[in-house]
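The file data24.cif comes next; it holds mmCIF, C-alpha atoms and all ligand atoms.
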```cif
data_protein
loop_
_atom_site.label_atom_id
_atom_site.label_comp_id
_atom_site.auth_asym_id
_atom_site.auth_seq_id
_atom_site.Cartn_x
_atom_site.Cartn_y
_atom_site.Cartn_z
CA MET A 220 -3.99 49.93 61.55
CA ASP A 221 -3.29 46.47 60.19
CA TYR A 222 -5.33 45.89 57.05
CA VAL A 223 -5.62 43.18 54.41
CA ILE A 224 -6.76 43.73 50.83
CA THR A 225 -7.94 40.80 48.73
CA GLY A 226 -7.50 41.52 45.04
CA GLY A 227 -4.84 44.08 45.99
CA ALA A 228 -2.76 43.52 42.84
CA GLY A 229 -5.72 44.55 40.68
CA PHE A 230 -6.81 47.94 39.47
CA ILE A 231 -8.80 49.29 42.42
CA GLY A 232 -7.00 47.19 45.07
CA SER A 233 -3.57 48.53 44.11
CA HIS A 234 -4.73 52.16 44.27
CA LEU A 235 -6.29 51.43 47.65
CA ALA A 236 -3.06 49.80 48.85
CA LYS A 237 -1.02 52.86 47.83
CA LEU A 238 -3.33 55.23 49.69
CA LEU A 239 -3.36 53.07 52.83
CA VAL A 240 0.45 52.85 52.82
CA LYS A 241 0.67 56.63 52.33
CA GLN A 242 -1.59 57.08 55.34
CA GLY A 243 0.77 54.94 57.45
CA HIS A 244 -1.18 51.69 57.67
CA ARG A 245 0.26 48.16 57.52
CA VAL A 246 -1.03 46.36 54.44
CA ASP A 247 -1.13 42.65 53.56
CA ILE A 248 -2.26 41.76 50.07
CA VAL A 249 -3.95 38.56 48.96
CA ASP A 250 -4.13 37.99 45.21
CA ASN A 251 -3.72 34.95 42.96
CA LEU A 252 -2.47 37.18 40.12
CA SER A 253 -5.02 35.70 37.72
CA VAL A 254 -5.70 39.23 36.48
CA GLY A 255 -3.74 41.53 38.80
CA ARG A 256 -0.07 42.30 38.35
CA LEU A 257 2.78 42.84 40.80
CA GLU A 258 3.87 45.84 38.69
CA ASN A 259 0.75 47.61 39.97
CA LEU A 260 2.38 47.45 43.42
CA ALA A 261 5.97 48.18 42.35
CA GLU A 262 6.22 51.57 44.07
CA ILE A 263 5.13 50.15 47.45
CA LYS A 264 6.63 46.67 47.16
CA ASN A 265 8.95 47.12 50.14
CA LYS A 266 6.18 48.51 52.31
CA ILE A 267 3.57 45.74 51.93
CA ARG A 268 3.43 41.98 52.38
CA PHE A 269 2.18 40.12 49.32
CA HIS A 270 0.56 36.66 49.52
CA ASN A 271 -0.09 34.69 46.35
CA VAL A 272 -3.26 33.08 47.69
CA ASP A 273 -6.53 32.13 46.05
CA ILE A 274 -9.59 33.28 48.02
CA CYS A 275 -11.20 29.93 47.17
CA ASN A 276 -8.58 28.25 49.39
CA GLY A 277 -10.19 28.87 52.78
CA THR A 278 -7.28 27.47 54.80
CA GLU A 279 -4.58 29.62 53.20
CA LEU A 280 -6.88 32.65 53.21
CA ARG A 281 -7.55 32.27 56.94
CA GLN A 282 -3.81 32.20 57.70
CA VAL A 283 -3.35 35.61 56.11
CA ILE A 284 -6.51 37.48 57.00
CA ALA A 285 -7.31 36.31 60.53
CA GLY A 286 -6.48 38.84 63.24
CA LYS A 287 -6.34 41.92 61.04
CA ASP A 288 -8.05 45.18 62.06
CA GLY A 289 -10.07 45.27 58.86
CA ILE A 290 -10.52 43.45 55.56
CA PHE A 291 -10.95 45.16 52.20
CA HIS A 292 -12.37 42.46 49.96
CA HIS A 293 -11.83 43.30 46.29
CA ALA A 294 -10.80 39.98 44.73
CA ALA A 295 -13.28 38.94 42.05
CA LEU A 296 -13.64 38.02 38.42
CA THR A 297 -15.03 41.14 36.81
CA SER A 298 -15.70 40.78 33.09
CA VAL A 299 -19.39 40.79 32.11
CA PRO A 300 -18.84 39.09 28.69
CA GLU A 301 -16.59 36.42 30.23
CA SER A 302 -19.14 35.74 32.98
CA TYR A 303 -21.46 34.24 30.32
CA THR A 304 -18.87 31.67 29.24
CA LYS A 305 -17.35 30.91 32.68
CA GLU A 306 -20.42 31.07 34.86
CA LYS A 307 -19.30 28.39 37.33
CA LYS A 308 -15.85 29.92 37.75
CA TYR A 309 -17.43 33.33 38.41
CA PHE A 310 -19.73 31.80 40.97
CA ASP A 311 -16.84 29.97 42.70
CA VAL A 312 -14.67 33.07 43.04
CA ASN A 313 -17.24 35.83 43.52
CA VAL A 314 -19.64 33.91 45.74
CA HIS A 315 -17.79 31.02 47.43
CA GLY A 316 -14.56 33.02 47.68
CA THR A 317 -16.47 35.91 49.24
CA GLU A 318 -18.12 33.52 51.71
CA ASN A 319 -14.64 32.35 52.76
CA VAL A 320 -13.70 35.96 53.52
CA PHE A 321 -16.92 36.63 55.46
CA ASP A 322 -16.50 33.36 57.35
CA VAL A 323 -13.08 34.30 58.75
CA ALA A 324 -14.25 37.84 59.50
CA HIS A 325 -17.27 36.45 61.32
CA GLU A 326 -15.13 34.27 63.61
CA THR A 327 -12.96 37.21 64.60
CA GLY A 328 -15.57 40.00 64.47
CA THR A 329 -13.51 41.89 61.89
CA LYS A 330 -15.06 44.67 59.80
CA VAL A 331 -15.21 43.99 56.06
CA VAL A 332 -15.59 46.56 53.31
CA PHE A 333 -16.20 44.75 50.06
CA ALA A 334 -16.58 45.67 46.41
CA SER A 335 -20.11 45.11 45.25
CA SER A 336 -21.27 46.66 41.99
CA ALA A 337 -23.93 48.82 40.40
CA GLY A 338 -24.49 45.65 38.36
CA VAL A 339 -26.83 44.47 41.14
CA TYR A 340 -29.46 46.96 39.89
CA GLY A 341 -29.53 45.61 36.35
CA ASP A 342 -31.31 47.77 33.79
CA THR A 343 -33.12 49.83 36.40
CA LYS A 344 -35.48 52.62 35.42
CA ALA A 345 -34.82 54.41 38.72
CA ILE A 346 -32.26 56.99 37.53
CA PRO A 347 -30.42 58.27 39.56
CA THR A 348 -30.59 55.01 41.47
CA PRO A 349 -31.03 54.99 45.26
CA GLU A 350 -29.84 51.99 47.31
CA SER A 351 -33.49 51.05 47.90
CA ALA A 352 -34.08 50.35 44.17
CA LYS A 353 -35.05 46.84 43.14
CA LEU A 354 -32.08 44.49 42.64
CA GLU A 355 -32.43 42.77 39.28
CA PRO A 356 -29.02 41.96 37.78
CA ILE A 357 -29.13 41.08 34.07
CA ASN A 358 -25.87 39.18 33.60
CA PRO A 359 -24.06 36.36 35.45
CA TYR A 360 -21.43 38.76 36.87
CA GLY A 361 -24.16 40.96 38.39
CA ILE A 362 -25.89 37.88 39.78
CA THR A 363 -22.69 36.83 41.59
CA LYS A 364 -22.45 40.32 43.12
CA LEU A 365 -26.05 40.12 44.32
CA LYS A 366 -25.37 36.70 45.86
CA ALA A 367 -22.33 38.16 47.62
CA GLU A 368 -24.60 40.90 49.04
CA LEU A 369 -27.03 38.27 50.31
CA LEU A 370 -24.12 36.59 52.10
CA ALA A 371 -23.14 39.98 53.54
CA GLU A 372 -26.63 40.31 55.00
CA LYS A 373 -26.37 36.83 56.51
CA TYR A 374 -22.90 37.33 58.02
CA GLY A 375 -23.19 41.03 58.81
CA THR A 376 -25.52 40.77 61.76
CA LYS A 377 -22.85 40.62 64.50
CA HIS A 378 -20.14 42.76 62.94
CA ASP A 379 -20.05 45.34 60.19
CA ILE A 380 -19.92 44.37 56.53
CA VAL A 381 -20.16 47.30 54.14
CA GLY A 382 -20.88 46.61 50.47
CA LEU A 383 -19.83 49.45 48.20
CA ARG A 384 -21.79 49.44 44.96
CA TYR A 385 -19.11 50.83 42.66
CA TYR A 386 -20.18 52.32 39.35
CA ASN A 387 -17.75 52.52 36.38
CA VAL A 388 -14.31 53.09 37.85
CA TYR A 389 -11.56 54.62 35.71
CA GLY A 390 -7.92 55.59 36.18
CA SER A 391 -4.38 54.40 35.51
CA ASN A 392 -3.45 50.67 35.54
CA SER A 393 -6.98 49.53 34.77
CA SER A 394 -6.68 45.79 34.20
CA MET A 395 -10.11 45.81 32.60
CA GLN A 396 -8.83 45.94 29.05
CA ALA A 397 -12.45 45.50 27.98
CA GLY A 398 -13.45 48.75 29.71
CA VAL A 399 -14.71 51.43 27.37
CA ILE A 400 -12.30 54.09 28.66
CA SER A 401 -9.23 51.86 28.10
CA LYS A 402 -10.49 50.93 24.65
CA PHE A 403 -11.11 54.53 23.59
CA TYR A 404 -7.75 55.63 24.96
CA GLN A 405 -5.86 52.83 23.21
CA ASN A 406 -7.56 53.50 19.88
CA VAL A 407 -7.24 57.26 19.93
CA THR A 408 -3.55 57.19 20.91
CA ALA A 409 -2.95 54.72 18.06
CA ASN A 410 -4.71 57.13 15.68
CA LYS A 411 -7.69 54.79 15.30
CA PRO A 412 -11.33 55.84 15.73
CA PRO A 413 -13.07 55.02 19.01
CA VAL A 414 -15.43 52.08 18.42
CA ILE A 415 -18.87 52.51 19.99
CA GLU A 416 -20.94 49.40 20.70
CA GLY A 417 -24.60 50.21 19.97
CA ASP A 418 -25.94 53.72 19.33
CA GLY A 419 -23.70 55.55 21.81
CA LYS A 420 -26.68 56.95 23.71
CA GLN A 421 -26.09 54.65 26.68
CA LEU A 422 -25.48 56.72 29.83
CA ARG A 423 -22.74 55.81 32.29
CA ASP A 424 -21.59 57.09 35.66
CA PHE A 425 -17.77 57.11 35.69
CA VAL A 426 -15.93 57.60 38.97
CA PHE A 427 -12.19 58.16 39.42
CA VAL A 428 -10.18 55.40 41.10
CA ASP A 429 -8.49 57.72 43.64
CA ASP A 430 -11.92 58.94 44.76
CA ILE A 431 -12.89 55.27 45.07
CA ALA A 432 -9.81 54.49 47.19
CA GLN A 433 -10.67 57.37 49.53
CA VAL A 434 -14.34 56.48 50.00
CA THR A 435 -13.42 52.85 50.56
CA ILE A 436 -11.13 53.84 53.45
CA PHE A 437 -13.84 56.13 54.87
CA ALA A 438 -16.23 53.17 54.78
CA MET A 439 -13.76 51.21 56.91
CA GLU A 440 -12.97 54.01 59.36
CA LYS A 441 -16.40 55.52 59.98
CA LYS A 442 -19.15 54.04 62.10
CA THR A 443 -21.44 52.59 59.47
CA GLY A 444 -23.18 49.44 60.62
CA SER A 445 -23.76 46.81 57.95
CA VAL A 446 -24.97 48.66 54.88
CA PHE A 447 -24.80 48.88 51.09
CA ILE A 448 -23.70 52.22 49.66
CA ASN A 449 -23.64 53.53 46.09
CA VAL A 450 -20.31 54.90 45.00
CA GLY A 451 -20.36 56.76 41.73
CA SER A 452 -19.83 60.30 40.55
CA GLY A 453 -23.58 60.96 40.60
CA VAL A 454 -23.43 62.35 37.05
CA THR A 455 -23.63 60.67 33.65
CA VAL A 456 -22.02 60.95 30.26
CA SER A 457 -23.19 59.21 27.08
CA ILE A 458 -20.77 56.84 25.38
CA LEU A 459 -20.86 59.02 22.27
CA ASP A 460 -19.95 62.13 24.30
CA LEU A 461 -17.17 60.13 25.95
CA ALA A 462 -15.75 59.18 22.55
CA ASN A 463 -15.91 62.82 21.50
CA LEU A 464 -14.08 63.94 24.66
CA PHE A 465 -11.20 61.58 23.78
CA ILE A 466 -11.13 62.96 20.24
CA LYS A 467 -11.31 66.57 21.42
CA TYR A 468 -8.49 66.40 23.98
CA SER A 469 -6.22 64.13 21.89
CA LYS A 470 -6.61 66.70 19.09
CA LYS A 471 -6.83 63.84 16.58
CA ASN A 472 -8.83 64.10 13.39
CA LEU A 473 -11.06 61.10 14.08
CA MET A 474 -14.77 60.19 14.00
CA PRO A 475 -16.32 57.47 16.20
CA VAL A 476 -17.43 54.29 14.44
CA PHE A 477 -20.33 52.09 15.54
CA GLU A 478 -20.65 48.32 15.92
CA THR A 479 -23.18 45.87 17.37
CA GLU A 480 -23.68 46.01 21.12
CA GLN A 481 -22.74 43.00 23.29
CA GLN A 482 -25.28 41.33 25.56
CA GLY A 483 -25.60 42.16 29.23
CA ASN A 484 -25.27 45.95 29.00
CA VAL A 485 -27.69 48.38 30.62
CA ARG A 486 -29.10 51.50 28.95
CA ALA A 487 -28.42 53.95 31.71
CA SER A 488 -26.58 53.92 34.98
CA GLN A 489 -26.33 56.81 37.44
CA ALA A 490 -25.77 56.63 41.18
CA ASP A 491 -27.74 58.53 43.74
CA ILE A 492 -24.80 59.22 46.08
CA SER A 493 -26.66 61.01 48.86
CA LEU A 494 -26.08 58.13 51.30
CA ALA A 495 -22.30 58.15 50.67
CA LYS A 496 -22.27 61.92 51.19
CA ARG A 497 -24.25 61.71 54.41
CA LEU A 498 -22.81 58.57 56.02
CA LEU A 499 -19.21 58.83 54.84
CA SER A 500 -18.89 62.62 54.41
CA TRP A 501 -17.47 61.94 50.96
CA GLN A 502 -17.86 63.35 47.55
CA PRO A 503 -15.87 62.73 44.38
CA GLU A 504 -13.21 65.31 43.56
CA THR A 505 -12.05 64.48 40.04
CA THR A 506 -14.27 64.86 36.99
CA LEU A 507 -13.97 62.66 33.93
CA GLU A 508 -13.40 65.60 31.60
CA GLN A 509 -10.55 66.95 33.78
CA TRP A 510 -8.93 63.52 33.79
CA ILE A 511 -9.16 63.03 30.02
CA GLN A 512 -7.78 66.53 29.47
CA ASN A 513 -4.86 65.76 31.81
CA ILE A 514 -3.85 62.44 30.26
CA PHE A 515 -3.34 64.14 26.91
CA LYS A 516 -1.31 66.97 28.48
CA LYS A 517 1.37 64.51 29.66
N1 LIG B 601 -13.53 48.52 38.00
C1 LIG B 601 -14.83 48.79 38.08
O1 LIG B 601 -15.36 49.65 37.34
C2 LIG B 601 -15.70 48.06 39.07
C3 LIG B 601 -17.07 48.40 39.13
C4 LIG B 601 -17.88 47.74 40.04
C5 LIG B 601 -17.33 46.80 40.91
N2 LIG B 601 -16.01 46.49 40.84
C6 LIG B 601 -15.47 45.49 41.77
O2 LIG B 601 -14.30 46.01 42.39
C7 LIG B 601 -13.39 44.94 42.65
C8 LIG B 601 -12.04 45.25 42.04
O3 LIG B 601 -12.21 45.43 40.63
P1 LIG B 601 -11.02 45.82 39.66
O4 LIG B 601 -11.58 46.65 38.58
O5 LIG B 601 -9.89 46.32 40.46
O6 LIG B 601 -10.69 44.40 39.02
P2 LIG B 601 -9.29 43.68 38.81
O7 LIG B 601 -9.56 42.50 37.94
O8 LIG B 601 -8.26 44.65 38.38
O9 LIG B 601 -8.93 43.20 40.29
C9 LIG B 601 -9.42 42.01 40.85
C10 LIG B 601 -8.24 41.30 41.47
O10 LIG B 601 -8.72 40.08 42.06
C11 LIG B 601 -7.75 39.08 41.81
N3 LIG B 601 -8.41 37.78 41.87
C12 LIG B 601 -9.32 37.27 41.00
N4 LIG B 601 -9.69 36.05 41.39
C13 LIG B 601 -9.01 35.79 42.54
C14 LIG B 601 -8.97 34.67 43.44
N5 LIG B 601 -9.69 33.58 43.20
N6 LIG B 601 -8.17 34.75 44.52
C15 LIG B 601 -7.41 35.85 44.75
N7 LIG B 601 -7.41 36.92 43.94
C16 LIG B 601 -8.19 36.88 42.85
C17 LIG B 601 -7.21 39.39 40.43
O11 LIG B 601 -5.93 38.81 40.17
C18 LIG B 601 -7.16 40.92 40.46
O12 LIG B 601 -5.91 41.38 40.92
C19 LIG B 601 -14.03 43.68 42.09
O13 LIG B 601 -14.69 43.02 43.14
C20 LIG B 601 -15.04 44.22 41.09
O14 LIG B 601 -16.10 43.31 40.91
C21 LIG B 601 -15.18 47.10 39.94
#
```

Would you mind writing the file's structure down as structure tokens?
Amino acid sequence: MDYVITGGAGFIGSHLAKLLVKQGHRVDIVDNLSVGRLENLAEIKNKIRFHNVDICNGTELRQVIAGKDGIFHHAALTSVPESYTKEKKYFDVNVHGTENVFDVAHETGTKVVFASSAGVYGDTKAIPTPESAKLEPINPYGITKLKAELLAEKYGTKHDIVGLRYYNVYGSNSSMQAGVISKFYQNVTANKPPVIEGDGKQLRDFVFVDDIAQVTIFAMEKKTGSVFINVGSGVTVSILDLANLFIKYSKKNLMPVFETEQQGNVRASQADISLAKRLLSWQPETTLEQWIQNIFKK
């Protein structure tokens, strides 16, 4: 098939691109390299076509994405703290940019699988969270993702638009330097203690990026209709336990340290993944503990 990935030079998009290429698909990538890096695509650079295009530029975007068999829309600005200081920019890219993608797809009847976020649920008390839970994002980034979902509902009446509500994705090449896993890894390998924001009792659902790439392709290939689907591991770990896993497998003599928590964080997040299992016949294969153990074996 002939696919396009927006945000394909980023963390998740580049893993998705590699898997699609491996499976024999043609892949065009749209990315303005504001965060993503061409090095993420180095091993497949001769097998893809890269377009340095901003999704806010509807004309250029249309030239690349029209006529494809499917669109994976992953371009977005993704930092919660930054979304407080650059609210308009986040809205332009994550909402208007997404509308540009949906608009072209609508004209051509092309299926779109796009990256939504567990951030749409906000600080929900429904744990594990089903897709039917109330949507109450608590930070500007989450609000842009909810607005993108509302656009998906508007545009997704005549052709399929699938919104995947990703939980906390981890793996190699994460461009989210602010992500807790990257921070713990960097500190521990530099012989510094992992720094926990808040009391460390926050619960998170971490899901491996290769599992994410696979479920995202299933969402494109299977008959789905227009739908929103949770994609997480379905299990949680506390931030304190996560810090201790890094210490344990790095075999360093360290103790976590604590500092004040930033705004916009939820207490607990855990996906109910029964819909993904049922509709996409998917379940995650890699566990967080296995992955941490492996990175320190290398
Ligand atoms: N990583 C996670 O844990 C996570 C969780 C939930 C949702 N998501 C969503 O998944 C998607 C991918 O996230 P990621 O972690 O790979 O982030 P990322 O920052 O690594 O990738 C996003 C890519 O989009 C590109 N981009 C940004 N603005 C653009 C624009 N205006 N035009 C073209 N390209 C632009 C960036 O250069 C980058 O390569 C995003 O939509 C994000 O909101 C990620």

Discussion item. What does the structure give for the distance between CA of Phe437 in chain A and CA of Ser500 in chain A, in Å to one decimal?
Written reply: 8.2 Å

Item to complete: Enumerate as a count of residues only the residues within 7 Å of ligand LIG 601 (chain B), counting all atoms listed in the file.
Response: 40

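If only C-alpha atoms are the atoms counted, then among A:Ser401, A:Gly444, A:Ala409, A:Lys308 the closest residue to Gly375 in chain A is A:Gly444.
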
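The shortest atom-to-atom distance to Gly453 in chain A, with only C-alpha atoms taken into account, belongs to A:Thr348 out of A:Asn392, A:Thr348, A:Gln433, A:Thr317.
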
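Note that CA of Gly382 in chain A and CA of Thr327 in chain A are 18.7 Å apart.
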
Worksheet item: Residues at most 8 Å from range 456-460 of chain A, counting only C-alpha atoms, excluding those fewer than 6 positions away in the same chain, as a ChimeraX atom specification?
Response: /A:415,418-425,475

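Compared by their closest atoms to Phe333 in chain A, and using all atoms listed in the file, the residues A:Ile466, A:Ala352, A:Val223, A:Ile492 rank with A:Val223 nearest.
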
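With distances restricted to all atoms listed in the file, A:Trp501 is the closest residue to Asn449 in chain A from A:Tyr309, A:Tyr222, A:Phe477, A:Trp501.
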
Item to complete: Could you check which of A:Ile431, A:Ile514, A:Ile400, A:Met439 is closest to Asp379 in chain A, using all atoms listed in the file?
Response: A:Met439

Discussion item. So that I can see what lies close to Met220 in chain A, please list as a PyMOL selection string the residues with an atom at most 8 Å from it, counting only C-alpha atoms and leaving out residues fewer than 3 positions away in the same chain.
Written reply: chain A and resi 244-245+288

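Nearest residue to Ser445 in chain A, choosing from A:Phe291, A:Tyr374, A:Trp510, A:Tyr303 and counting all atoms listed in the file: A:Tyr374.
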
Worksheet, complete the sentence: Students should find that CA of Val454 in chain A and CA of Glu508 in chain A are spaced 11.9 Å

Discussion item. I'd like the contact shell of Ala285 in chain A - 9 Å cut-off, all atoms listed in the file, skipping same-chain residues fewer than 6 positions apart - returned as a PyMOL selection string.
Written reply: chain A and resi 323-324+326-327+329
